[in-house]
Amino acid sequence: MGTDAGGEVDVRSFRRSDRQQVTALVNAHVAAVIPGVSLSVAAVMSSLGRDPGEHIVDPGVVERVTLVAEQRQRIVAAAHLLRYGADDRVAEGYRDAGEIRWLLCWPPVPRWPDTAKVGDQLTQACLDQFDKWGVRRRYADGTLPVPAVYGVPEQWPHVRETYERAGFKHDGRTEVVFVTAVRNVPRWRPSLLGLNIRRTLGVNGTRIWVLAEETVLGFIEVDTNLGEANRAAGIASWADIGNLQVVEAHRRQGVGSWLVAEAAGWLELAGIDRLLGYASPDDTAYVAFLERIGFRELTRTMSGLELP
């Protein structure tokens with residue numbers, strides 16, 4: 001509990017009566033990153049529990065807490081916290097760790113200038129919860145149950161600054177998220193003779209192979225079933241590149257471009273019109289490739305925030 005010039009702030013556990021305001025807060029942050037996508041109240045409430053779509057990290061979660069900061073009957077900030085187990089079923093980096101899975105707050109505006117202070121109070125409450133849990137490591141993130149919204153996107157400077165004021169440090173990991181309209185992907189095939197396409201189930205979606213007789217030259221995987229994000233309105237027409245590999249000896253021969261073109265044709269049959277891709281900003285060759293075939297930068301997001 002605290003006070004400031006804008007009125008009393010109540011930092012407390014989430015209540016069911018908060019669900020509409022928390023959903024509005026979540027969707028405002030989603031809309032700043034990915035267009036035309038929103039979560040229903042039911043989808044947001046479901047995301048506060050077990051995440052069946054996250055089969056690697058989520059099984060290690062042993063406790064969840066959602067906190068809100070209310071001021072003048074308005075939910076100004078909210079946060080969802082996870083505590084990971086300490087046994088060897090949990091990856092070493094997350095063993096006995098606490099994570100702010102997401103922390104969201106309204107940015108300051110003239111009629112409500114003190115929201116940054118409210119965000120700071122909520123962050124401190126998160127750290128107090130970590131103390132109660134006695135966790136060994138403390139992480140912070142911004143992952144919401146829609147594609148392309150993870151880490152701390154560059155469209156949320158107010159969230160990044162809140163984490164930084166609390167002492168969280170960024171380890172330097174940054175990823176660029178790209179997007180293209182499927183109809184804009186160039187349709188062509190390389191001049192190499194004897195190539196054929198094969199389609200199978202892949203690790204991260206449908207896999208499309210390009211082969212010269214029986215020799216694999218490369219493959220692409222595209223995912224139209226974006227996990228729990230399918231509960232989000234507007235996401236049914238989106239897909240992402242889960243994997244793209246070309247055998248080194250066959251790079252710069254148009255194989256990668258053809259794979260993306262074949263994937264685009266396949267996605268059109270499903271009524272998909274937006275395709276996401278991901279790259280490290282240091283991988284300049286892959287970034288140039290994506291831009292050359294029509295992808296544009298959607299966001300840059302930083303991950304790996306930890307409190308020393």
# chains A, B, ... in the order shown; residues from 1 in each chain; ligands from 1

$ residues_around --residues "A:Arg160" --least-positions-apart "4" --cutoff "12 Å" --atoms "only C-alpha atoms" --output "VMD selection string"
chain A and resid 102 to 105 107 116 119 to 120 123 140 to 142 151 to 156 164 to 170 301 to 303 305

$ select_by_dssp --residues "stretch 99-285 of chain A" --states "alpha helix (DSSP H)" --output "short mmCIF file (atom, residue, chain, number, x, y, z; two decimals) with N, CA and C atoms, in the first residue's frame"
data_model
loop_
_atom_site.label_atom_id
_atom_site.label_comp_id
_atom_site.auth_asym_id
_atom_site.auth_seq_id
_atom_site.Cartn_x
_atom_site.Cartn_y
_atom_site.Cartn_z
N THR A 115 1.75 7.29 -13.36
CA THR A 115 1.68 5.85 -13.58
C THR A 115 3.05 5.18 -13.45
N ALA A 116 4.13 5.90 -13.75
CA ALA A 116 5.47 5.31 -13.61
C ALA A 116 5.73 4.94 -12.15
N LYS A 117 5.32 5.80 -11.22
CA LYS A 117 5.49 5.51 -9.80
C LYS A 117 4.67 4.29 -9.40
N VAL A 118 3.47 4.18 -9.96
CA VAL A 118 2.64 3.02 -9.66
C VAL A 118 3.31 1.75 -10.18
N GLY A 119 3.87 1.81 -11.39
CA GLY A 119 4.59 0.66 -11.94
C GLY A 119 5.76 0.26 -11.05
N ASP A 120 6.46 1.27 -10.52
CA ASP A 120 7.58 0.99 -9.62
C ASP A 120 7.10 0.29 -8.35
N GLN A 121 5.95 0.73 -7.82
CA GLN A 121 5.43 0.10 -6.61
C GLN A 121 5.05 -1.36 -6.87
N LEU A 122 4.46 -1.59 -8.04
CA LEU A 122 4.09 -2.97 -8.37
C LEU A 122 5.35 -3.83 -8.55
N THR A 123 6.37 -3.29 -9.19
CA THR A 123 7.61 -4.03 -9.37
C THR A 123 8.22 -4.39 -8.02
N GLN A 124 8.19 -3.47 -7.08
CA GLN A 124 8.72 -3.75 -5.75
C GLN A 124 7.91 -4.86 -5.08
N ALA A 125 6.59 -4.86 -5.30
CA ALA A 125 5.77 -5.93 -4.75
C ALA A 125 6.15 -7.28 -5.36
N CYS A 126 6.52 -7.27 -6.65
CA CYS A 126 6.99 -8.51 -7.29
C CYS A 126 8.28 -9.00 -6.63
N LEU A 127 9.19 -8.08 -6.35
CA LEU A 127 10.45 -8.45 -5.71
C LEU A 127 10.20 -8.95 -4.29
N ASP A 128 9.24 -8.35 -3.61
CA ASP A 128 8.88 -8.82 -2.27
C ASP A 128 8.34 -10.25 -2.34
N GLN A 129 7.57 -10.54 -3.39
CA GLN A 129 7.05 -11.90 -3.56
C GLN A 129 8.20 -12.88 -3.80
N PHE A 130 9.19 -12.46 -4.58
CA PHE A 130 10.37 -13.31 -4.78
C PHE A 130 11.05 -13.59 -3.45
N ASP A 131 11.13 -12.58 -2.59
CA ASP A 131 11.74 -12.76 -1.27
C ASP A 131 10.95 -13.79 -0.46
N LYS A 132 9.64 -13.72 -0.51
CA LYS A 132 8.81 -14.69 0.21
C LYS A 132 9.05 -16.11 -0.30
N TRP A 133 9.22 -16.21 -1.62
CA TRP A 133 9.48 -17.53 -2.20
C TRP A 133 10.91 -18.00 -1.90
N PRO A 157 8.69 1.14 -24.09
CA PRO A 157 9.81 1.76 -23.34
C PRO A 157 9.47 1.99 -21.87
N HIS A 158 8.19 2.23 -21.57
CA HIS A 158 7.80 2.46 -20.17
C HIS A 158 7.99 1.20 -19.33
N VAL A 159 7.78 0.03 -19.93
CA VAL A 159 8.01 -1.23 -19.20
C VAL A 159 9.50 -1.46 -19.01
N ARG A 160 10.28 -1.26 -20.09
CA ARG A 160 11.73 -1.42 -19.97
C ARG A 160 12.30 -0.51 -18.89
N GLU A 161 11.87 0.74 -18.87
CA GLU A 161 12.38 1.68 -17.88
C GLU A 161 11.98 1.28 -16.46
N THR A 162 10.79 0.72 -16.31
CA THR A 162 10.36 0.24 -14.99
C THR A 162 11.27 -0.88 -14.50
N TYR A 163 11.57 -1.83 -15.39
CA TYR A 163 12.48 -2.92 -15.02
C TYR A 163 13.87 -2.37 -14.69
N GLU A 164 14.35 -1.44 -15.49
CA GLU A 164 15.69 -0.90 -15.27
C GLU A 164 15.79 -0.16 -13.94
N ARG A 165 14.75 0.60 -13.58
CA ARG A 165 14.77 1.30 -12.30
C ARG A 165 14.80 0.33 -11.12
N VAL A 255 17.46 -21.33 -53.57
CA VAL A 255 16.74 -22.42 -52.91
C VAL A 255 15.91 -21.88 -51.76
N GLY A 256 16.49 -21.00 -50.93
CA GLY A 256 15.76 -20.45 -49.80
C GLY A 256 14.55 -19.64 -50.24
N SER A 257 14.73 -18.83 -51.29
CA SER A 257 13.62 -18.03 -51.80
C SER A 257 12.50 -18.92 -52.33
N TRP A 258 12.88 -20.01 -52.99
CA TRP A 258 11.87 -20.93 -53.52
C TRP A 258 11.11 -21.60 -52.38
N LEU A 259 11.82 -21.98 -51.32
CA LEU A 259 11.16 -22.60 -50.18
C LEU A 259 10.11 -21.66 -49.58
N VAL A 260 10.48 -20.39 -49.41
CA VAL A 260 9.52 -19.43 -48.85
C VAL A 260 8.35 -19.26 -49.80
N ALA A 261 8.62 -19.24 -51.11
CA ALA A 261 7.55 -19.11 -52.09
C ALA A 261 6.61 -20.31 -52.03
N GLU A 262 7.16 -21.51 -51.93
CA GLU A 262 6.33 -22.71 -51.83
C GLU A 262 5.50 -22.67 -50.55
N ALA A 263 6.12 -22.22 -49.45
CA ALA A 263 5.39 -22.11 -48.19
C ALA A 263 4.25 -21.09 -48.32
N ALA A 264 4.51 -19.99 -49.02
CA ALA A 264 3.48 -18.97 -49.20
C ALA A 264 2.29 -19.53 -49.97
N GLY A 265 2.58 -20.30 -51.01
CA GLY A 265 1.49 -20.91 -51.77
C GLY A 265 0.68 -21.87 -50.93
N TRP A 266 1.34 -22.63 -50.09
CA TRP A 266 0.65 -23.57 -49.20
C TRP A 266 -0.22 -22.81 -48.19
N LEU A 267 0.31 -21.71 -47.63
CA LEU A 267 -0.43 -20.93 -46.64
C LEU A 267 -1.65 -20.27 -47.26
N GLU A 268 -1.55 -19.85 -48.51
CA GLU A 268 -2.71 -19.24 -49.18
C GLU A 268 -3.88 -20.20 -49.26
N LEU A 269 -3.59 -21.47 -49.42
CA LEU A 269 -4.67 -22.46 -49.47
C LEU A 269 -5.44 -22.52 -48.16
N THR A 284 23.34 -10.72 -40.29
CA THR A 284 23.03 -9.76 -41.34
C THR A 284 22.65 -10.42 -42.66
N ALA A 285 23.20 -11.59 -42.94
CA ALA A 285 22.88 -12.27 -44.19
C ALA A 285 21.42 -12.71 -44.20
#

$ closest_residue --among "A:Ile208, A:Val177, A:Val65, A:Val9" --to "A:Val33" --atoms "only C-alpha atoms"
A:Val177

$ atom_distance --atom1 "atom CA of A:Glu213" --atom2 "atom CA of A:Asn243"
22.3 Å

$ select_by_dssp --residues "stretch 6-206 of chain A" --states "strand (DSSP E or B)" --output "VMD selection string"
chain A and resid 7 to 13 38 61 to 71 74 to 84 97 to 105 109 112 137 to 140 152 to 153 169 to 170 174 to 181 195 to 201 206

$ closest_residue --among "A:Val216, A:Pro147, A:Arg12, A:Asp51" --to "A:Ser38" --atoms "only C-alpha atoms"
A:Pro147

$ atom_distance --atom1 "atom CA of A:Gly277" --atom2 "atom CA of A:Thr215"
26.1 Å

$ residues_around --residues "A:Arg252" --least-positions-apart "6" --cutoff "12 Å" --atoms "only C-alpha atoms" --output "ChimeraX atom specification"
/A:190-192,217,246,258,285-286,289

$ write_last_selection --atoms "N, CA and C atoms" --output "mmCIF file, in the first residue's frame"
data_model
loop_
_atom_site.group_PDB
_atom_site.id
_atom_site.type_symbol
_atom_site.label_atom_id
_atom_site.label_comp_id
_atom_site.auth_asym_id
_atom_site.auth_seq_id
_atom_site.Cartn_x
_atom_site.Cartn_y
_atom_site.Cartn_z
ATOM 1 N N PRO A 190 14.257 -21.694 -58.641
ATOM 2 C CA PRO A 190 15.633 -21.566 -59.134
ATOM 3 C C PRO A 190 15.809 -22.275 -60.470
ATOM 4 N N SER A 191 16.880 -21.923 -61.141
ATOM 5 C CA SER A 191 17.139 -22.477 -62.475
ATOM 6 C C SER A 191 17.749 -23.873 -62.419
ATOM 7 N N LEU A 192 18.036 -24.361 -61.208
ATOM 8 C CA LEU A 192 18.587 -25.710 -61.079
ATOM 9 C C LEU A 192 17.588 -26.728 -61.617
ATOM 10 N N LEU A 217 18.192 -30.454 -50.381
ATOM 11 C CA LEU A 217 18.887 -29.177 -50.513
ATOM 12 C C LEU A 217 18.515 -28.206 -49.387
ATOM 13 N N VAL A 246 19.020 -24.276 -45.453
ATOM 14 C CA VAL A 246 19.492 -24.639 -46.788
ATOM 15 C C VAL A 246 20.898 -25.199 -46.639
ATOM 16 N N TRP A 258 12.880 -20.007 -52.993
ATOM 17 C CA TRP A 258 11.874 -20.926 -53.518
ATOM 18 C C TRP A 258 11.108 -21.604 -52.384
ATOM 19 N N ALA A 285 23.201 -11.590 -42.939
ATOM 20 C CA ALA A 285 22.877 -12.275 -44.189
ATOM 21 C C ALA A 285 21.416 -12.711 -44.195
ATOM 22 N N TYR A 286 20.960 -13.267 -43.085
ATOM 23 C CA TYR A 286 19.566 -13.722 -43.023
ATOM 24 C C TYR A 286 18.608 -12.536 -42.999
ATOM 25 N N PHE A 289 18.289 -11.381 -46.461
ATOM 26 C CA PHE A 289 17.472 -12.329 -47.226
ATOM 27 C C PHE A 289 15.995 -12.069 -46.995
#

$ atom_distance --atom1 "atom CA of A:Arg138" --atom2 "atom CA of A:Ala97"
5.9 Å

$ residues_around --residues "A:Trp238" --least-positions-apart "5" --cutoff "9 Å" --atoms "only C-alpha atoms" --output "VMD selection string"
chain A and resid 147 223 to 226 272 to 276

$ residues_around --residues "A:Ser40" --least-positions-apart "4" --cutoff "8 Å" --atoms "only C-alpha atoms" --output "count of residues only"
5

$ closest_residue --among "A:Asn196, A:Ser237, A:Gln245, A:Gln253" --to "A:Pro35" --atoms "only C-alpha atoms"
A:Ser237

$ closest_residue --among "A:Ser280, A:Phe295, A:Ser47, A:Glu63" --to "A:Arg173" --atoms "only C-alpha atoms"
A:Ser280
